[in-house]
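Q: To be precise about what I am sending: the file is called input_29.tsv and holds TSV, C-alpha atoms.
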```
chain	number	residue	atom	x	y	z
A	29	MET	CA	-26.42	-8.53	-4.15
A	30	LYS	CA	-27.26	-6.64	-7.29
A	31	ARG	CA	-27.21	-2.93	-7.17
A	32	ALA	CA	-30.34	-0.99	-7.82
A	33	ASN	CA	-29.89	1.26	-10.82
A	34	SER	CA	-33.27	2.41	-12.04
A	35	LEU	CA	-33.72	6.16	-11.69
A	36	PHE	CA	-30.38	7.27	-10.25
A	37	HIS	CA	-28.52	7.86	-13.48
A	38	HIS	CA	-29.74	11.35	-14.25
A	39	PRO	CA	-27.39	14.32	-13.79
A	40	ARG	CA	-27.66	16.37	-10.66
A	41	GLN	CA	-30.32	19.10	-10.75
A	42	LYS	CA	-29.42	22.51	-9.27
A	43	ILE	CA	-31.30	25.73	-8.64
A	44	VAL	CA	-28.98	28.64	-9.47
A	45	MET	CA	-29.88	32.15	-8.39
A	46	PRO	CA	-28.69	35.18	-10.40
A	47	GLY	CA	-25.10	35.96	-9.52
A	48	MET	CA	-24.67	32.71	-7.56
A	49	LYS	CA	-22.88	30.85	-10.34
A	50	ASP	CA	-20.10	33.41	-10.68
A	51	SER	CA	-19.52	33.66	-6.95
A	52	GLN	CA	-19.35	29.88	-6.59
A	53	LYS	CA	-16.95	29.65	-9.49
A	54	ASN	CA	-14.67	32.28	-7.96
A	55	ARG	CA	-14.56	30.77	-4.52
A	56	GLY	CA	-14.23	27.19	-5.80
A	57	SER	CA	-15.64	24.04	-4.27
A	58	GLU	CA	-15.18	23.46	-0.55
A	59	LEU	CA	-14.19	19.80	-0.76
A	60	LEU	CA	-11.80	20.33	-3.69
A	61	ARG	CA	-10.09	23.15	-1.79
A	62	GLN	CA	-9.57	20.96	1.25
A	63	ILE	CA	-8.17	17.98	-0.69
A	64	HIS	CA	-5.98	20.14	-2.92
A	65	PRO	CA	-2.72	18.96	-1.21
A	66	LEU	CA	-3.76	15.36	-1.95
A	67	ILE	CA	-4.42	16.12	-5.62
A	68	ILE	CA	-1.02	17.81	-5.89
A	69	ALA	CA	0.63	14.81	-4.17
A	70	PHE	CA	-0.84	12.53	-6.83
A	71	LEU	CA	1.03	14.57	-9.47
A	72	PHE	CA	4.38	13.48	-7.99
A	73	THR	CA	3.37	9.85	-8.63
A	74	GLY	CA	2.37	10.65	-12.21
A	75	LEU	CA	-1.41	10.75	-11.64
A	76	ASP	CA	-3.36	13.87	-12.59
A	77	PHE	CA	-6.76	14.09	-10.86
A	78	ARG	CA	-7.16	17.85	-11.10
A	79	PRO	CA	-10.52	19.28	-12.25
A	80	LYS	CA	-10.54	20.16	-15.95
A	81	LYS	CA	-12.95	23.12	-15.83
A	82	ASP	CA	-11.98	25.98	-18.12
A	83	GLU	CA	-8.53	24.42	-18.69
A	84	LYS	CA	-8.52	25.32	-22.39
A	85	ASN	CA	-9.26	28.99	-21.74
A	86	LEU	CA	-6.53	29.22	-19.11
A	87	HIS	CA	-3.99	27.82	-21.56
A	88	GLU	CA	-4.97	30.31	-24.23
A	89	TYR	CA	-4.56	33.37	-21.99
A	90	ASN	CA	-1.55	32.23	-19.94
A	91	PRO	CA	1.37	30.62	-21.86
A	92	SER	CA	3.21	29.80	-18.61
A	93	ILE	CA	0.31	27.62	-17.48
A	94	ALA	CA	0.32	25.87	-20.85
A	95	TYR	CA	4.05	25.16	-20.47
A	96	ARG	CA	3.56	23.86	-16.92
A	97	GLU	CA	0.78	21.55	-18.07
A	98	ARG	CA	2.98	20.20	-20.86
A	99	VAL	CA	5.76	19.41	-18.38
A	100	ILE	CA	3.29	17.66	-16.05
A	101	LYS	CA	1.95	15.51	-18.90
A	102	ILE	CA	5.47	14.50	-19.96
A	103	TYR	CA	6.36	13.61	-16.36
A	104	CYS	CA	3.19	11.52	-15.96
A	105	VAL	CA	3.90	9.61	-19.18
A	106	LEU	CA	7.53	8.96	-18.18
A	107	THR	CA	6.62	7.61	-14.74
A	108	TYR	CA	3.89	5.44	-16.27
A	109	PHE	CA	6.33	4.08	-18.88
A	110	THR	CA	9.06	3.47	-16.28
A	111	SER	CA	6.70	1.46	-14.08
A	112	TRP	CA	5.82	-0.89	-16.90
A	113	VAL	CA	9.48	-1.33	-17.86
A	114	PHE	CA	10.04	-2.41	-14.25
A	115	SER	CA	7.11	-4.84	-14.59
A	116	LEU	CA	8.84	-6.50	-17.57
A	117	MET	CA	11.89	-6.95	-15.36
A	118	ILE	CA	9.68	-8.66	-12.79
A	119	ILE	CA	8.36	-11.09	-15.39
A	120	TYR	CA	11.94	-11.80	-16.43
A	121	GLY	CA	12.85	-12.45	-12.79
A	122	ILE	CA	10.04	-15.00	-12.45
A	123	CYS	CA	11.54	-16.95	-15.35
A	124	LYS	CA	15.14	-16.54	-14.15
A	125	ASN	CA	14.86	-17.28	-10.38
A	126	GLU	CA	18.62	-17.79	-9.85
A	127	GLU	CA	18.32	-18.30	-6.07
A	128	ASN	CA	16.27	-21.49	-6.57
A	129	LEU	CA	13.53	-20.29	-4.26
A	130	PRO	CA	10.28	-22.29	-4.18
A	131	VAL	CA	8.41	-21.37	-7.36
A	132	LYS	CA	5.13	-20.56	-5.59
A	133	GLU	CA	6.87	-18.37	-3.02
A	134	TYR	CA	8.88	-16.47	-5.60
A	135	ILE	CA	5.96	-15.94	-7.99
A	136	GLY	CA	3.75	-14.88	-5.08
A	137	TYR	CA	6.28	-12.30	-3.91
A	138	LEU	CA	6.77	-10.81	-7.38
A	139	PHE	CA	3.05	-10.88	-8.14
A	140	VAL	CA	2.51	-8.41	-5.29
A	141	GLU	CA	4.89	-5.92	-6.92
A	142	LEU	CA	3.33	-6.51	-10.34
A	143	SER	CA	-0.17	-5.91	-8.96
A	144	LEU	CA	0.94	-2.57	-7.46
A	145	ILE	CA	2.19	-1.45	-10.87
A	146	PHE	CA	-1.07	-2.62	-12.43
A	147	PHE	CA	-2.98	-0.64	-9.80
A	148	ARG	CA	-1.10	2.53	-10.80
A	149	GLY	CA	-1.99	1.77	-14.41
A	150	VAL	CA	-5.69	1.47	-13.52
A	151	LEU	CA	-5.61	4.85	-11.78
A	152	HIS	CA	-3.78	6.39	-14.73
A	153	LEU	CA	-6.38	5.14	-17.22
A	154	ARG	CA	-9.26	6.33	-15.00
A	155	ARG	CA	-7.77	9.70	-14.13
A	156	LYS	CA	-10.37	11.73	-16.07
A	157	ASN	CA	-13.25	9.75	-14.58
A	158	ILE	CA	-11.85	10.23	-11.06
A	159	ALA	CA	-11.42	13.99	-11.62
A	160	HIS	CA	-15.01	14.27	-12.89
A	161	THR	CA	-16.32	12.23	-9.93
A	162	LEU	CA	-14.47	14.46	-7.47
A	163	GLU	CA	-16.20	17.49	-9.02
A	164	HIS	CA	-19.60	15.82	-8.74
A	165	LEU	CA	-18.99	14.74	-5.14
A	166	SER	CA	-17.69	18.17	-4.19
A	167	ASP	CA	-20.78	19.87	-5.65
A	168	ALA	CA	-23.00	17.59	-3.56
A	169	TYR	CA	-20.84	18.16	-0.46
A	170	ASP	CA	-21.16	21.94	-0.84
A	171	GLU	CA	-24.94	21.72	-0.47
A	172	ILE	CA	-24.99	20.01	2.94
A	173	LYS	CA	-25.24	22.03	6.12
A	174	TYR	CA	-22.80	20.26	8.46
A	175	LYS	CA	-19.27	19.76	7.12
A	176	SER	CA	-16.68	17.37	8.53
A	177	LYS	CA	-13.93	18.73	10.79
A	178	SER	CA	-11.58	15.97	9.62
A	179	LEU	CA	-11.78	16.97	5.94
A	180	LYS	CA	-9.40	19.87	6.32
A	181	LYS	CA	-6.17	20.74	4.52
A	182	GLY	CA	-4.12	20.44	7.71
A	183	VAL	CA	-5.41	16.95	8.54
A	184	ILE	CA	-4.97	15.66	4.99
A	185	THR	CA	-1.47	17.15	4.72
A	186	ALA	CA	-0.47	15.50	8.01
A	187	PHE	CA	-1.58	12.10	6.68
A	188	LEU	CA	0.23	12.73	3.39
A	189	ILE	CA	3.47	13.35	5.28
A	190	GLY	CA	3.21	10.78	8.07
A	191	TYR	CA	1.57	7.87	6.27
A	192	PRO	CA	3.95	7.45	3.27
A	193	GLY	CA	6.84	8.62	5.46
A	194	MET	CA	6.37	5.56	7.67
A	195	TYR	CA	6.89	3.20	4.75
A	196	MET	CA	9.78	5.26	3.37
A	197	LEU	CA	11.49	4.86	6.75
A	198	MET	CA	10.87	1.09	6.73
A	199	TYR	CA	12.23	0.58	3.23
A	200	GLY	CA	15.11	3.01	3.74
A	201	LEU	CA	16.26	1.17	6.86
A	202	LEU	CA	16.08	-2.10	4.92
A	203	HIS	CA	18.50	-0.70	2.34
A	204	LEU	CA	20.81	0.64	5.06
A	205	SER	CA	20.88	-2.73	6.83
A	206	PHE	CA	22.16	-4.45	3.67
A	207	ILE	CA	24.68	-1.67	3.04
A	208	ALA	CA	26.00	-2.13	6.58
A	209	LYS	CA	26.66	-5.84	5.92
A	210	GLY	CA	29.07	-5.01	3.12
A	211	PRO	CA	29.17	-4.53	-0.66
A	212	SER	CA	28.71	-8.23	-1.48
A	213	TYR	CA	25.44	-8.46	0.49
A	214	TYR	CA	24.13	-5.27	-1.05
A	215	LYS	CA	25.01	-6.49	-4.56
A	216	LYS	CA	22.99	-9.65	-4.03
A	217	PHE	CA	20.11	-7.65	-2.62
A	218	MET	CA	20.16	-5.28	-5.62
A	219	ARG	CA	20.36	-8.14	-8.13
A	220	ARG	CA	17.27	-9.67	-6.58
A	221	ARG	CA	15.48	-6.31	-6.54
A	222	TYR	CA	16.28	-5.89	-10.25
A	223	ASN	CA	15.31	-9.51	-10.93
A	224	TYR	CA	18.83	-10.59	-12.02
A	225	VAL	CA	18.99	-8.25	-15.00
A	226	ILE	CA	22.20	-6.62	-13.75
A	227	SER	CA	25.59	-8.34	-13.47
A	228	LEU	CA	27.72	-8.95	-10.36
A	229	THR	CA	30.81	-7.50	-12.05
A	230	LEU	CA	29.66	-3.86	-12.00
A	231	PRO	CA	31.48	-1.31	-9.76
A	232	ASP	CA	30.12	-0.74	-6.25
A	233	TYR	CA	28.95	2.82	-6.92
A	234	VAL	CA	26.67	1.53	-9.71
A	235	TYR	CA	24.82	-0.64	-7.20
A	236	TYR	CA	24.37	2.30	-4.85
A	237	LEU	CA	23.00	4.35	-7.75
A	238	LEU	CA	20.65	1.50	-8.65
A	239	GLY	CA	19.61	1.38	-5.00
A	240	ILE	CA	18.51	5.03	-5.17
A	241	ILE	CA	16.53	4.30	-8.36
A	242	ASP	CA	14.96	1.24	-6.74
A	243	PHE	CA	13.96	3.31	-3.70
A	244	PHE	CA	12.33	5.91	-5.96
A	245	LEU	CA	10.43	3.33	-8.06
A	246	ASN	CA	9.27	1.44	-5.00
A	247	GLU	CA	8.03	4.61	-3.32
A	248	LEU	CA	6.35	5.66	-6.57
A	249	ASN	CA	4.24	2.50	-6.66
A	250	PHE	CA	3.47	2.35	-2.95
A	251	ALA	CA	2.75	6.09	-2.69
A	252	SER	CA	-0.07	5.75	-5.22
A	253	VAL	CA	-1.62	3.10	-2.95
A	254	TYR	CA	-1.39	5.24	0.19
A	255	GLN	CA	-2.66	8.33	-1.60
A	256	PHE	CA	-5.62	6.46	-3.08
A	257	ILE	CA	-6.48	5.10	0.37
A	258	ILE	CA	-6.53	8.66	1.75
A	259	LEU	CA	-8.63	9.77	-1.25
A	260	PHE	CA	-11.05	6.88	-0.81
A	261	ILE	CA	-11.46	7.59	2.91
A	262	THR	CA	-12.13	11.25	2.07
A	263	MET	CA	-14.78	10.27	-0.48
A	264	SER	CA	-16.39	7.81	1.95
A	265	ILE	CA	-16.59	10.46	4.70
A	266	ALA	CA	-18.12	12.97	2.27
A	267	LEU	CA	-20.70	10.40	1.10
A	268	SER	CA	-21.62	9.51	4.68
A	269	LEU	CA	-22.15	13.20	5.52
A	270	ILE	CA	-24.30	13.71	2.40
A	271	LEU	CA	-26.49	10.77	3.42
A	272	GLU	CA	-26.64	11.94	7.04
A	273	ASP	CA	-27.75	15.35	5.81
A	274	TYR	CA	-30.69	13.75	4.01
A	275	CYS	CA	-31.46	11.61	7.06
A	276	LYS	CA	-31.72	14.75	9.23
A	277	SER	CA	-33.97	16.45	6.67
A	278	ILE	CA	-36.61	13.70	6.81
A	279	ASN	CA	-38.26	15.09	9.93
A	280	ALA	CA	-37.44	18.69	9.13
A	281	SER	CA	-40.25	21.19	9.51
A	282	GLY	CA	-42.12	21.99	6.30
A	283	ALA	CA	-40.62	19.16	4.19
A	284	THR	CA	-42.62	18.37	1.04
A	285	PHE	CA	-42.86	15.11	-0.89
A	286	ASN	CA	-41.31	16.48	-4.10
A	287	ALA	CA	-38.41	18.10	-2.24
A	288	MET	CA	-37.65	14.95	-0.25
A	289	GLN	CA	-37.90	12.75	-3.33
A	290	LYS	CA	-35.51	14.95	-5.33
A	291	HIS	CA	-33.12	15.14	-2.38
A	292	HIS	CA	-33.15	11.35	-2.06
A	293	ILE	CA	-32.56	10.83	-5.79
A	294	SER	CA	-29.68	13.31	-5.70
A	295	ALA	CA	-28.02	11.63	-2.68
A	296	MET	CA	-28.35	8.10	-4.08
A	297	ASN	CA	-27.14	9.26	-7.48
A	298	THR	CA	-23.99	10.64	-5.86
A	299	VAL	CA	-23.34	7.28	-4.15
A	300	GLN	CA	-23.70	5.43	-7.44
A	301	VAL	CA	-21.49	7.88	-9.35
A	302	VAL	CA	-18.71	7.42	-6.78
A	303	ASP	CA	-19.17	3.64	-6.71
A	304	LYS	CA	-19.01	3.39	-10.50
A	305	CYS	CA	-15.74	5.32	-10.44
A	306	VAL	CA	-13.88	3.58	-7.59
A	307	SER	CA	-15.34	0.05	-7.53
A	308	TYR	CA	-12.78	-1.42	-9.94
A	309	PRO	CA	-9.72	0.35	-8.45
A	310	LEU	CA	-11.02	-0.79	-5.06
A	311	PHE	CA	-11.26	-4.36	-6.39
A	312	VAL	CA	-7.61	-4.23	-7.48
A	313	LEU	CA	-6.51	-2.58	-4.21
A	314	LEU	CA	-8.27	-5.08	-1.93
A	315	GLY	CA	-7.15	-7.94	-4.16
A	316	THR	CA	-3.54	-6.82	-3.78
A	317	HIS	CA	-3.93	-6.60	0.00
A	318	ILE	CA	-5.55	-10.02	0.19
A	319	TRP	CA	-2.83	-11.56	-1.97
A	320	LEU	CA	0.00	-10.02	0.06
A	321	LEU	CA	-1.54	-11.02	3.39
A	322	PHE	CA	-2.19	-14.53	2.06
A	323	PHE	CA	1.39	-14.70	0.79
A	324	LEU	CA	2.81	-13.66	4.17
A	325	LEU	CA	0.57	-16.08	6.05
A	326	SER	CA	1.18	-19.02	3.72
A	327	PHE	CA	4.86	-18.76	2.80
A	328	PHE	CA	6.43	-16.80	5.65
A	329	TYR	CA	7.54	-19.35	8.25
A	330	TRP	CA	6.54	-17.45	11.35
A	331	GLN	CA	7.44	-20.03	14.00
A	332	SER	CA	10.90	-20.81	12.64
A	333	LYS	CA	11.59	-17.09	12.23
A	334	LEU	CA	10.68	-16.35	15.81
A	335	GLU	CA	12.89	-19.17	17.13
A	336	HIS	CA	15.99	-17.57	15.59
A	337	SER	CA	17.28	-14.03	15.50
A	338	LEU	CA	15.29	-11.88	13.11
A	339	SER	CA	17.00	-10.32	10.11
A	340	ALA	CA	16.20	-6.85	8.82
A	341	LEU	CA	14.19	-8.42	5.98
A	342	ASP	CA	12.14	-10.46	8.48
A	343	ILE	CA	11.33	-7.35	10.54
A	344	TYR	CA	10.39	-5.53	7.35
A	345	PHE	CA	7.86	-8.24	6.41
A	346	TYR	CA	6.41	-8.27	9.95
A	347	LEU	CA	5.86	-4.52	9.80
A	348	LEU	CA	4.49	-4.77	6.26
A	349	PHE	CA	1.98	-7.40	7.41
A	350	ILE	CA	0.76	-5.16	10.25
A	351	LEU	CA	0.55	-2.15	7.91
A	352	TYR	CA	-1.50	-4.03	5.30
A	353	VAL	CA	-3.89	-5.45	7.90
A	354	PHE	CA	-4.46	-1.91	9.14
A	355	GLN	CA	-5.01	-0.62	5.58
A	356	TYR	CA	-7.43	-3.42	4.73
A	357	PHE	CA	-9.57	-2.78	7.79
A	358	THR	CA	-9.45	1.01	7.34
A	359	VAL	CA	-10.62	0.92	3.72
A	360	THR	CA	-13.41	-1.61	4.26
A	361	VAL	CA	-14.68	-0.03	7.51
A	362	PHE	CA	-14.99	3.43	5.96
A	363	ALA	CA	-16.68	1.95	2.88
A	364	ALA	CA	-19.13	0.08	5.13
A	365	LYS	CA	-20.12	3.37	6.80
A	366	VAL	CA	-21.82	4.42	3.54
A	367	HIS	CA	-24.04	1.33	3.75
A	368	GLU	CA	-24.80	2.10	7.39
A	369	ALA	CA	-25.82	5.66	6.47
A	370	VAL	CA	-28.24	4.31	3.83
A	371	GLN	CA	-29.75	1.95	6.39
A	372	ASN	CA	-30.14	4.84	8.85
A	373	ILE	CA	-32.22	6.67	6.23
A	374	LYS	CA	-34.43	3.58	5.93
A	375	MET	CA	-34.94	3.49	9.71
A	376	GLU	CA	-35.54	7.25	9.99
A	377	VAL	CA	-38.22	7.35	7.30
A	378	SER	CA	-40.11	4.59	9.11
A	379	LYS	CA	-40.29	6.90	12.17
A	380	MET	CA	-41.35	9.96	10.18
A	381	ASN	CA	-43.39	12.48	12.13
A	382	SER	CA	-46.37	13.60	10.03
A	383	SER	CA	-46.95	16.64	12.24
A	384	LEU	CA	-43.59	18.18	11.26
A	385	SER	CA	-43.61	17.47	7.52
A	386	GLN	CA	-46.24	18.43	4.97
A	387	LEU	CA	-46.60	14.87	3.66
A	388	THR	CA	-49.93	13.12	3.57
A	389	ALA	CA	-50.28	9.51	4.70
A	390	VAL	CA	-50.20	8.32	1.08
A	391	GLU	CA	-47.05	10.37	0.33
A	392	GLN	CA	-45.33	8.97	3.41
A	393	ILE	CA	-46.05	5.44	2.22
A	394	LEU	CA	-44.78	6.23	-1.29
A	395	LEU	CA	-41.57	7.73	0.13
A	396	MET	CA	-41.03	4.67	2.36
A	397	VAL	CA	-41.49	2.35	-0.61
A	398	LYS	CA	-39.01	4.30	-2.75
A	399	ILE	CA	-36.39	4.43	0.00
A	400	ASN	CA	-36.82	0.76	0.94
A	401	HIS	CA	-36.58	-0.24	-2.72
A	402	HIS	CA	-33.16	1.40	-3.01
A	403	SER	CA	-31.85	0.62	0.48
A	404	ASP	CA	-29.20	-1.77	-0.87
A	405	ILE	CA	-27.26	0.99	-2.62
A	406	CYS	CA	-23.73	1.21	-1.23
A	407	LEU	CA	-20.09	1.04	-2.25
A	408	THR	CA	-19.14	-2.24	-3.91
A	409	VAL	CA	-16.18	-4.32	-5.01
A	410	TRP	CA	-16.33	-4.07	-8.82
A	411	GLY	CA	-20.13	-3.85	-8.65
A	412	SER	CA	-20.49	-7.47	-7.49
A	413	ILE	CA	-20.02	-7.50	-3.69
A	414	ASN	CA	-21.61	-4.94	-1.39
A	415	ILE	CA	-19.18	-3.63	1.23
A	416	THR	CA	-20.99	-3.93	4.55
A	417	ARG	CA	-19.82	-4.49	8.10
A	418	ASN	CA	-20.36	-8.25	7.66
A	419	PHE	CA	-18.11	-8.22	4.60
A	420	VAL	CA	-15.25	-6.66	6.58
A	421	PHE	CA	-14.99	-9.43	9.17
A	422	SER	CA	-16.07	-12.39	7.03
A	423	SER	CA	-13.52	-11.64	4.29
A	424	PHE	CA	-10.66	-11.21	6.75
A	425	GLY	CA	-11.71	-14.31	8.68
A	426	ALA	CA	-11.68	-16.35	5.47
A	427	LEU	CA	-8.24	-14.96	4.61
A	428	LEU	CA	-6.78	-16.03	7.96
A	429	THR	CA	-8.41	-19.47	7.76
A	430	PHE	CA	-7.22	-20.35	4.24
A	431	GLY	CA	-3.79	-18.79	4.83
A	432	ALA	CA	-3.21	-20.87	7.97
A	433	LEU	CA	-4.56	-23.98	6.21
A	434	TYR	CA	-2.26	-23.51	3.23
A	435	LEU	CA	0.71	-23.01	5.55
A	436	SER	CA	0.10	-26.38	7.20
A	437	ILE	CA	0.04	-28.24	3.87
```
Let me see the structure of the file written as structure tokens.
A:
Amino acid sequence: MKRANSLFHHPRQKIVMPGMKDSQKNRGSELLRQIHPLIIAFLFTGLDFRPKKDEKNLHEYNPSIAYRERVIKIYCVLTYFTSWVFSLMIIYGICKNEENLPVKEYIGYLFVELSLIFFRGVLHLRRKNIAHTLEHLSDAYDEIKYKSKSLKKGVITAFLIGYPGMYMLMYGLLHLSFIAKGPSYYKKFMRRRYNYVISLTLPDYVYYLLGIIDFFLNELNFASVYQFIILFITMSIALSLILEDYCKSINASGATFNAMQKHHISAMNTVQVVDKCVSYPLFVLLGTHIWLLFFLLSFFYWQSKLEHSLSALDIYFYLLFILYVFQYFTVTVFAAKVHEAVQNIKMEVSKMNSSLSQLTAVEQILLMVKINHHSDICLTVWGSINITRNFVFSSFGALLTFGALYLSI
């Protein structure tokens, strides 16, 4: 479905009382304060999504802040450069393929890693747009009456520790299992991880050092995925609450046509601003998940693996499959809630009580027409596919069907 984009491109209108602007600036935005641990966590992966308000003035008056910002920029550039060097090694490994694995299986496995690096690159290139969108969303979130209890620093920090920590434990145990088998096994594992760039004649301690570097690079790429998922869920919850706030205001006492129309334009504009910002990263993220799940379904011989004793690598892929299924459903379900909130507005306006509002019969009809005309606005996959509840189950059902079919060929 095509997105409606007629009158929702204008900047957000605000009524500012004398003295209100300074007080709001001093206290900061509510949503940005709550997700501050998440924004700081992105810095460790080389992604800077911090708001840029008054940054120049702060640098002029505080040299220490200017020095800190310079260090952060250098770190972000180095991590970005290192990731793409690793991607060149992956391309080299596709050409080398010393273990004579099936070409489709080997390319499929390495493509997953390459797509994760590409995803980090997309976030890096869109960092200013994401920071600006977070400011816009936070301004809209500040104006609603009922805030979410789940969008709190403590909850977000707990997810930032537990969620990536689970994968770090999985990948760390995988390394330890190969170390326990002996130096020769770990050398082979490291050569495959570095796509056969390194030689087998190096001392053992070099491979252990390379293992630490591999662990860091792998966590760097995967952490950006987990952090973006948490950020996307946060944005989806905030959007749903903004839309619910408008839905509750429809039958509010004393509502006027102009006020309700401006409120509706503001809410829909916020949805479209967020969608324009995250639709392409979401396309890359879901595409990576679909490819990995398809790869595991199509090339991972589940029945033969279960008939024999499972290796540490087999267990790792089983857990990775479960984790990615969970992530896919979580992202799409929360995105679909935005569409549900828009549809709830459409249903609520059709039951509008004229005795509570100050709208005439003609104004009620005009408001219904405007809301119905823009009822298809929601979060999308690169602006082409609307993310609804039907999309969640149909896309995953198609993935399972084609994956099982390809496995049987």
Q: Using only C-alpha atoms, determine which residues lie at most 10 Å from Lys173 of chain A, disregarding the query and same-chain residues fewer than 4 positions distant; provide the list as number ranges by chain.
A: A: 169, 269-270, 273
Q: Would you output that residue set with C-alpha atoms, as an mmCIF file, in the frame of the given file?
A:
```cif
data_model
loop_
_atom_site.group_PDB
_atom_site.id
_atom_site.type_symbol
_atom_site.label_atom_id
_atom_site.label_comp_id
_atom_site.auth_asym_id
_atom_site.auth_seq_id
_atom_site.Cartn_x
_atom_site.Cartn_y
_atom_site.Cartn_z
ATOM 1 C CA TYR A 169 -20.840 18.160 -0.460
ATOM 2 C CA LEU A 269 -22.150 13.200 5.520
ATOM 3 C CA ILE A 270 -24.300 13.710 2.400
ATOM 4 C CA ASP A 273 -27.750 15.350 5.810
#
```
Q: Between atom CA of Leu248 of chain A and atom CA of Val234 of chain A, what is the distance in Å, rounded to a tenth?
A: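 Calculated distance between atom CA of Leu248 of chain A and atom CA of Val234 of chain A is 21.0 Å.
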Q: Applying 8 Å and all atoms listed in the file, which residues near segment 418-429 of chain A remain after dropping the ones on its own chain fewer than 6 positions away? List them as a PyMOL selection string.
A: chain A and resi 318+321-322+325+357+360-361+364
Q: Tell me which of A:His152, A:His164, A:Lys209, A:Arg221 sits closest to Phe114 of chain A, counting only C-alpha atoms.
A: A:Arg221
Q: Kindly give the distance, in Å, that separates atom CA of Met375 of chain A and atom CA of Thr358 of chain A, rounded to a single decimal.
A: 25.7 Å
Q: Set the distance at 9 Å and use all atoms listed in the file: which residues neighbour Pro79 of chain A once local chain neighbours fewer than 6 positions away are removed? I'd like the list as a count of residues only.
A: 6
Q: Report the distance between atom CA of Pro65 of chain A and atom CA of Ile93 of chain A in Å, rounded to one decimal place.
A: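 Straight-line distance from atom CA of Pro65 of chain A to atom CA of Ile93 of chain A works out to 18.7 Å.
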Q: Within 10 Å of Ala363 of chain A, counting all atoms listed in the file, which residues qualify if same-chain residues fewer than 2 places away don't, as an mmCIF file with C-alpha atoms, in the coordinates of the input?
A:
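Contents of around33.cif, freshly written:
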```cif
data_model
loop_
_atom_site.group_PDB
_atom_site.id
_atom_site.type_symbol
_atom_site.label_atom_id
_atom_site.label_comp_id
_atom_site.auth_asym_id
_atom_site.auth_seq_id
_atom_site.Cartn_x
_atom_site.Cartn_y
_atom_site.Cartn_z
ATOM 1 C CA PHE A 260 -11.050 6.880 -0.810
ATOM 2 C CA ILE A 261 -11.460 7.590 2.910
ATOM 3 C CA MET A 263 -14.780 10.270 -0.480
ATOM 4 C CA SER A 264 -16.390 7.810 1.950
ATOM 5 C CA ILE A 265 -16.590 10.460 4.700
ATOM 6 C CA LEU A 267 -20.700 10.400 1.100
ATOM 7 C CA SER A 268 -21.620 9.510 4.680
ATOM 8 C CA PHE A 357 -9.570 -2.780 7.790
ATOM 9 C CA THR A 358 -9.450 1.010 7.340
ATOM 10 C CA VAL A 359 -10.620 0.920 3.720
ATOM 11 C CA THR A 360 -13.410 -1.610 4.260
ATOM 12 C CA VAL A 361 -14.680 -0.030 7.510
ATOM 13 C CA LYS A 365 -20.120 3.370 6.800
ATOM 14 C CA VAL A 366 -21.820 4.420 3.540
ATOM 15 C CA HIS A 367 -24.040 1.330 3.750
ATOM 16 C CA GLU A 368 -24.800 2.100 7.390
ATOM 17 C CA CYS A 406 -23.730 1.210 -1.230
ATOM 18 C CA LEU A 407 -20.090 1.040 -2.250
ATOM 19 C CA THR A 408 -19.140 -2.240 -3.910
ATOM 20 C CA ASN A 414 -21.610 -4.940 -1.390
ATOM 21 C CA ILE A 415 -19.180 -3.630 1.230
ATOM 22 C CA THR A 416 -20.990 -3.930 4.550
ATOM 23 C CA ARG A 417 -19.820 -4.490 8.100
ATOM 24 C CA VAL A 420 -15.250 -6.660 6.580
#
```
Q: Identify which of the residues A:Met288, A:Ala251, A:Ile240, A:Tyr213 lies closest to Met194 of chain A, counting all atoms listed in the file when measuring atom-to-atom distances.
A: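 Selected residue with least distance to Met194 of chain A: A:Ala251.
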Q: Applying 10 Å and only C-alpha atoms, which residues near Phe72 of chain A remain after dropping the ones on its own chain fewer than 3 positions away? List them as number ranges by chain.
A: A: 67-69, 75-76, 100, 103-104, 107, 248, 251-252
Q: Please determine, counting all atoms listed in the file, which residue among A:Thr388, A:Gln371, A:Ser307, A:Ser339 has the shortest atom-to-atom distance to Phe285 of chain A.
A: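 Ranking A:Thr388, A:Gln371, A:Ser307, A:Ser339 by distance to Phe285 of chain A, first place goes to A:Thr388.
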Q: Give, as AutoDock Vina command-line options, the centre coordinates and the x, y and z edge lengths in Å to one decimal for an axis-aligned box around all listed atoms of segment 339-350 of chain A, padded by 6 Å on each side.
A:
```
--center_x 8.9 --center_y -7.5 --center_z 8.3 --size_x 28.2 --size_y 17.9 --size_z 16.6
```
Q: What residues have an atom no more than 10 Å from (23.6, -9.0, -7.5) in the file's own frame, counting all atoms listed in the file, and can you write them as a PyMOL selection string?
A: chain A and resi 211-230+235
Q: Restrict the selected residues to C-alpha atoms and save them as a short mmCIF file (atom, residue, chain, number, x, y, z; two decimals), keeping the file's coordinate frame.
A:
```cif
data_model
loop_
_atom_site.label_atom_id
_atom_site.label_comp_id
_atom_site.auth_asym_id
_atom_site.auth_seq_id
_atom_site.Cartn_x
_atom_site.Cartn_y
_atom_site.Cartn_z
CA PRO A 211 29.17 -4.53 -0.66
CA SER A 212 28.71 -8.23 -1.48
CA TYR A 213 25.44 -8.46 0.49
CA TYR A 214 24.13 -5.27 -1.05
CA LYS A 215 25.01 -6.49 -4.56
CA LYS A 216 22.99 -9.65 -4.03
CA PHE A 217 20.11 -7.65 -2.62
CA MET A 218 20.16 -5.28 -5.62
CA ARG A 219 20.36 -8.14 -8.13
CA ARG A 220 17.27 -9.67 -6.58
CA ARG A 221 15.48 -6.31 -6.54
CA TYR A 222 16.28 -5.89 -10.25
CA ASN A 223 15.31 -9.51 -10.93
CA TYR A 224 18.83 -10.59 -12.02
CA VAL A 225 18.99 -8.25 -15.00
CA ILE A 226 22.20 -6.62 -13.75
CA SER A 227 25.59 -8.34 -13.47
CA LEU A 228 27.72 -8.95 -10.36
CA THR A 229 30.81 -7.50 -12.05
CA LEU A 230 29.66 -3.86 -12.00
CA TYR A 235 24.82 -0.64 -7.20
#
```
